[in-house]
Amino acid sequence: MTETVNSEAFLAGALLIDGTQVVPAIRGIVTREDFHVEAYGAIFAASLALAEDDETIDPVSIQHRAKRDGVDLSNDLLCELMATVPTAANCVEYANRVAEDARTRRVKELAAQIQEDAASTADELLATLQREFEAIRGSNFQRGLLAPADTLRRFNDHVVEAGEGRCNFIPSGFKKLDQILGGGFIRGGLYILGARPAVGKTSFAVNLADNVAGNVLFVSLEMPPEQVIAKRVSRLTGLPSAKLLSGRVSNSDWVEIARATSALSEMGVFLNSRYDLTVQQIQLLAQTVPELKAVIIDYLGLIQPATRGGSSYENTTAISRELKRLALSLNVPVISLCQLSRSVEKRADKRPMLSDLRDSGAIEQDADAVMFLYRPDIYASGPVDGQPSFVQLDVAKNRHGMTGTDEFSFWMKSSTFKEITQNK
């Protein structure tokens with residue numbers, strides 16, 4: 001298949017898998033005329049027609065409606081399309097690709113038309129070119145435009161889904177934090193978790209990944225999968241991750257390790273095996289995770305820029321915006337860890353502030369929420385051996401809820417965070 005046909009096939013497959021969810025999400029992005037392959041366009045048109053009539057959108061209904069409109073869709077084709085698409089969650093990305101491919105195709109057709117027109121004068125050719133170009137450019141802007149009826153329909157669908165338990169927030173596993181955030185991490189939201197080194201942000205991210213009910217892509221750009229797993233096993237066994245990685249474990253330790261790894265095998269945490277990743281490459285990884293619930297990235301400063309040669313400020317600005325687009329495209333929360341600047345150390349009050357985000361103000365601007373971890377004992381005598389550290393999580397910015405502070409006990413050796421309010 002060509003790339004154009006691939007995009008159309010993926011979108012058609014997504015409609016067959018879960019048309020009820022896909023149609024509202026792609027409404028206004030793509031039209032019937034954008035499809036190059038008739039069968040895929042027929043699946044799209046049939047799905048829209050079924051939605052307008054409040055009928056069930058499934059492969060059988062789509063097949064019958066397309067036949068009524070004069071297009072026969074074979075069972076083999078429908079099965080092939082559904083097998084091609086791993087999940088319908090990326091339908092918006094597929095729709096945007098189909099629309100963009102259609103626009104590129106129209107520009108090329110216009111260029112060929114102008115080149116082959118030998119009868120028209122220069123002024124006539126320019127007039128044709130301007131008229132058709134404006135139509136193509138207008139169709140591009142219209143792709144992102146929703147009519148009032150469409151926006152209201154999408155809002156109603158959103159409320160109905162929430163009422164039916166199909167929550168638009170992904171719980172963090174920490175009760176008070178979810179309350180502050182407005183219900184958890186919102187789908188399509190970008191969340192920044194900032195801290196200075198050694199505070200425990202990677203361990204906190206591991207806790208979040210294991211708390212999410214469903215499949216998570218955990219992208220670690222500074223440690224191999226074995227070290228991430230060691231933190232997860234440590235949380236479940238209480239055995240220090242350093243001990244696990246050293247291999248100095250007893251027979252009784254192995255019993256605990258076996259139980260932990262068995263439990264972890266039931267959790268849907270997917271890890272990366274490459275480290276020099278751009279946001280686009282992270283997106284490709286995420287699209288292969290079935291029924292993805294969240295993406296966690298450790299950390300923003302190690303993400304590779306898509307284009308080389310820019311300044312640190314320019315690269316960070318571009319990556320921040322790409323992360324927000326990633327969250328919107330996947331329709332899942334993206335939680336990115338972020339290293340804070342050294343200016344924290346120069347102040348008497350070491351609590352992080354929004355101005356401590358490194359390299360670019362775009363991070364604060366693009367994020368739906370910015371959270372900071374603060375561990376006072378780092379700046380005092382250090383943690384007491386055998387005792388947990390006290391850690392505050394400050395939600396300093398939040399578009400979808402309140403700002404506020406949550407408090408945790410953090411056992412560093414076992415990478416375990418426990419919300420203090422839950423223990424009272």
# chains A, B, ... in the order shown; residues from 1 in each chain; ligands from 1

$ residues_around --residues "Leu16 in chain A" --least-positions-apart "5" --cutoff "10 Å" --atoms "only C-alpha atoms" --output "list in words"
Phe10, Leu11, Val22, Ile43, Phe44, Ser47, Ile57, Asp58, Pro59, Val60, Ser61, Ile62, Gln63, Leu78, Cys79, Leu81, Met82, Val85 and Ala88 of chain A

$ select_by_dssp --residues "range 276-413 of chain A" --states "strand (DSSP E or B)" --output "ChimeraX atom specification"
/A:278,292-298,304,334-340,357,369-374,389-398,404-411

$ closest_residue --among "A:Asp368, A:Glu8, A:Glu52, A:Asp406" --to "Tyr191 in chain A" --atoms "only C-alpha atoms"
A:Asp368

$ closest_residue --among "A:Pro197, A:Asn251, A:Glu419, A:Val269" --to "Ile378 in chain A" --atoms "only C-alpha atoms"
A:Pro197

$ residues_around --residues "Phe169 in chain A" --least-positions-apart "4" --cutoff "8 Å" --atoms "only C-alpha atoms" --output "list in words"
Gly183, Gly184, Phe185, Ile186 and Arg187 of chain A

$ decode --residues "range 11-27 of chain A" --atoms "all heavy atoms" --output "compact mmCIF listing (two decimals), in the first residue's frame"
# COMPACT_ATOMS: atom_id res chain seq x y z
N LEU A 11 -7.90 4.69 8.84
CA LEU A 11 -9.10 5.40 9.29
C LEU A 11 -10.34 4.54 9.07
O LEU A 11 -11.22 4.48 9.94
CB LEU A 11 -9.24 6.74 8.56
CG LEU A 11 -10.42 7.61 8.98
CD1 LEU A 11 -10.39 7.86 10.49
CD2 LEU A 11 -10.41 8.93 8.23
N ALA A 12 -10.41 3.88 7.91
CA ALA A 12 -11.54 2.99 7.65
C ALA A 12 -11.58 1.85 8.67
O ALA A 12 -12.65 1.49 9.18
CB ALA A 12 -11.44 2.43 6.23
N GLY A 13 -10.41 1.29 8.99
CA GLY A 13 -10.35 0.23 9.99
C GLY A 13 -10.80 0.71 11.36
O GLY A 13 -11.50 0.00 12.09
N ALA A 14 -10.40 1.94 11.73
CA ALA A 14 -10.81 2.50 13.01
C ALA A 14 -12.32 2.67 13.08
O ALA A 14 -12.94 2.41 14.12
CB ALA A 14 -10.11 3.84 13.24
N LEU A 15 -12.93 3.09 11.98
CA LEU A 15 -14.39 3.23 11.94
C LEU A 15 -15.07 1.88 12.10
O LEU A 15 -16.11 1.78 12.77
CB LEU A 15 -14.81 3.87 10.61
CG LEU A 15 -14.53 5.37 10.48
CD1 LEU A 15 -14.57 5.82 9.03
CD2 LEU A 15 -15.52 6.17 11.32
N LEU A 16 -14.50 0.85 11.52
CA LEU A 16 -15.09 -0.49 11.65
C LEU A 16 -14.94 -1.02 13.07
O LEU A 16 -15.83 -1.70 13.59
CB LEU A 16 -14.41 -1.44 10.66
CG LEU A 16 -14.72 -1.19 9.17
CD1 LEU A 16 -13.73 -1.94 8.29
CD2 LEU A 16 -16.15 -1.62 8.84
N ILE A 17 -13.81 -0.71 13.72
CA ILE A 17 -13.57 -1.20 15.07
C ILE A 17 -14.46 -0.53 16.10
O ILE A 17 -15.06 -1.17 16.96
CB ILE A 17 -12.09 -0.99 15.46
CG1 ILE A 17 -11.19 -1.93 14.64
CG2 ILE A 17 -11.86 -1.24 16.94
CD1 ILE A 17 -9.72 -1.66 14.82
N ASP A 18 -14.57 0.81 16.00
CA ASP A 18 -15.33 1.56 17.01
C ASP A 18 -15.88 2.85 16.42
O ASP A 18 -15.51 3.95 16.82
CB ASP A 18 -14.44 1.87 18.22
CG ASP A 18 -15.23 2.36 19.43
OD1 ASP A 18 -16.46 2.48 19.33
OD2 ASP A 18 -14.62 2.62 20.48
N GLY A 19 -16.78 2.71 15.47
CA GLY A 19 -17.32 3.87 14.78
C GLY A 19 -18.04 4.84 15.69
O GLY A 19 -18.03 6.06 15.46
N THR A 20 -18.68 4.34 16.74
CA THR A 20 -19.42 5.20 17.65
C THR A 20 -18.51 6.24 18.30
O THR A 20 -18.90 7.39 18.51
CB THR A 20 -20.11 4.36 18.75
OG1 THR A 20 -20.97 3.40 18.12
CG2 THR A 20 -20.93 5.24 19.67
N GLN A 21 -17.28 5.85 18.64
CA GLN A 21 -16.32 6.77 19.23
C GLN A 21 -15.56 7.57 18.18
O GLN A 21 -15.22 8.74 18.41
CB GLN A 21 -15.31 5.99 20.09
CG GLN A 21 -15.92 5.28 21.28
CD GLN A 21 -16.54 6.24 22.27
OE1 GLN A 21 -15.93 7.24 22.65
NE2 GLN A 21 -17.77 5.97 22.67
N VAL A 22 -15.31 6.97 17.04
CA VAL A 22 -14.47 7.61 16.03
C VAL A 22 -15.19 8.74 15.31
O VAL A 22 -14.61 9.82 15.08
CB VAL A 22 -13.97 6.56 15.01
CG1 VAL A 22 -13.28 7.23 13.82
CG2 VAL A 22 -13.03 5.58 15.69
N VAL A 23 -16.46 8.55 14.95
CA VAL A 23 -17.18 9.55 14.16
C VAL A 23 -17.18 10.92 14.84
O VAL A 23 -16.84 11.93 14.20
CB VAL A 23 -18.61 9.08 13.84
CG1 VAL A 23 -19.45 10.23 13.28
CG2 VAL A 23 -18.58 7.95 12.82
N PRO A 24 -17.55 11.03 16.13
CA PRO A 24 -17.51 12.37 16.76
C PRO A 24 -16.11 12.97 16.79
O PRO A 24 -15.96 14.19 16.68
CB PRO A 24 -18.03 12.11 18.18
CG PRO A 24 -18.78 10.83 18.11
CD PRO A 24 -18.09 10.01 17.07
N ALA A 25 -15.10 12.13 16.92
CA ALA A 25 -13.73 12.62 17.05
C ALA A 25 -13.20 13.19 15.74
O ALA A 25 -12.38 14.12 15.75
CB ALA A 25 -12.82 11.50 17.54
N ILE A 26 -13.63 12.65 14.60
CA ILE A 26 -13.07 13.08 13.31
C ILE A 26 -14.01 13.98 12.53
O ILE A 26 -13.67 14.43 11.43
CB ILE A 26 -12.69 11.86 12.44
CG1 ILE A 26 -13.95 11.07 12.00
CG2 ILE A 26 -11.71 10.96 13.17
CD1 ILE A 26 -13.67 9.99 10.99
N ARG A 27 -15.19 14.25 13.09
CA ARG A 27 -16.15 15.09 12.39
C ARG A 27 -15.55 16.47 12.13
O ARG A 27 -15.04 17.13 13.04
CB ARG A 27 -17.42 15.24 13.23
CG ARG A 27 -18.63 15.73 12.44
CD ARG A 27 -19.78 16.01 13.38
NE ARG A 27 -20.20 14.82 14.11
CZ ARG A 27 -21.10 13.95 13.67
NH1 ARG A 27 -21.65 14.13 12.49
NH2 ARG A 27 -21.43 12.91 14.41
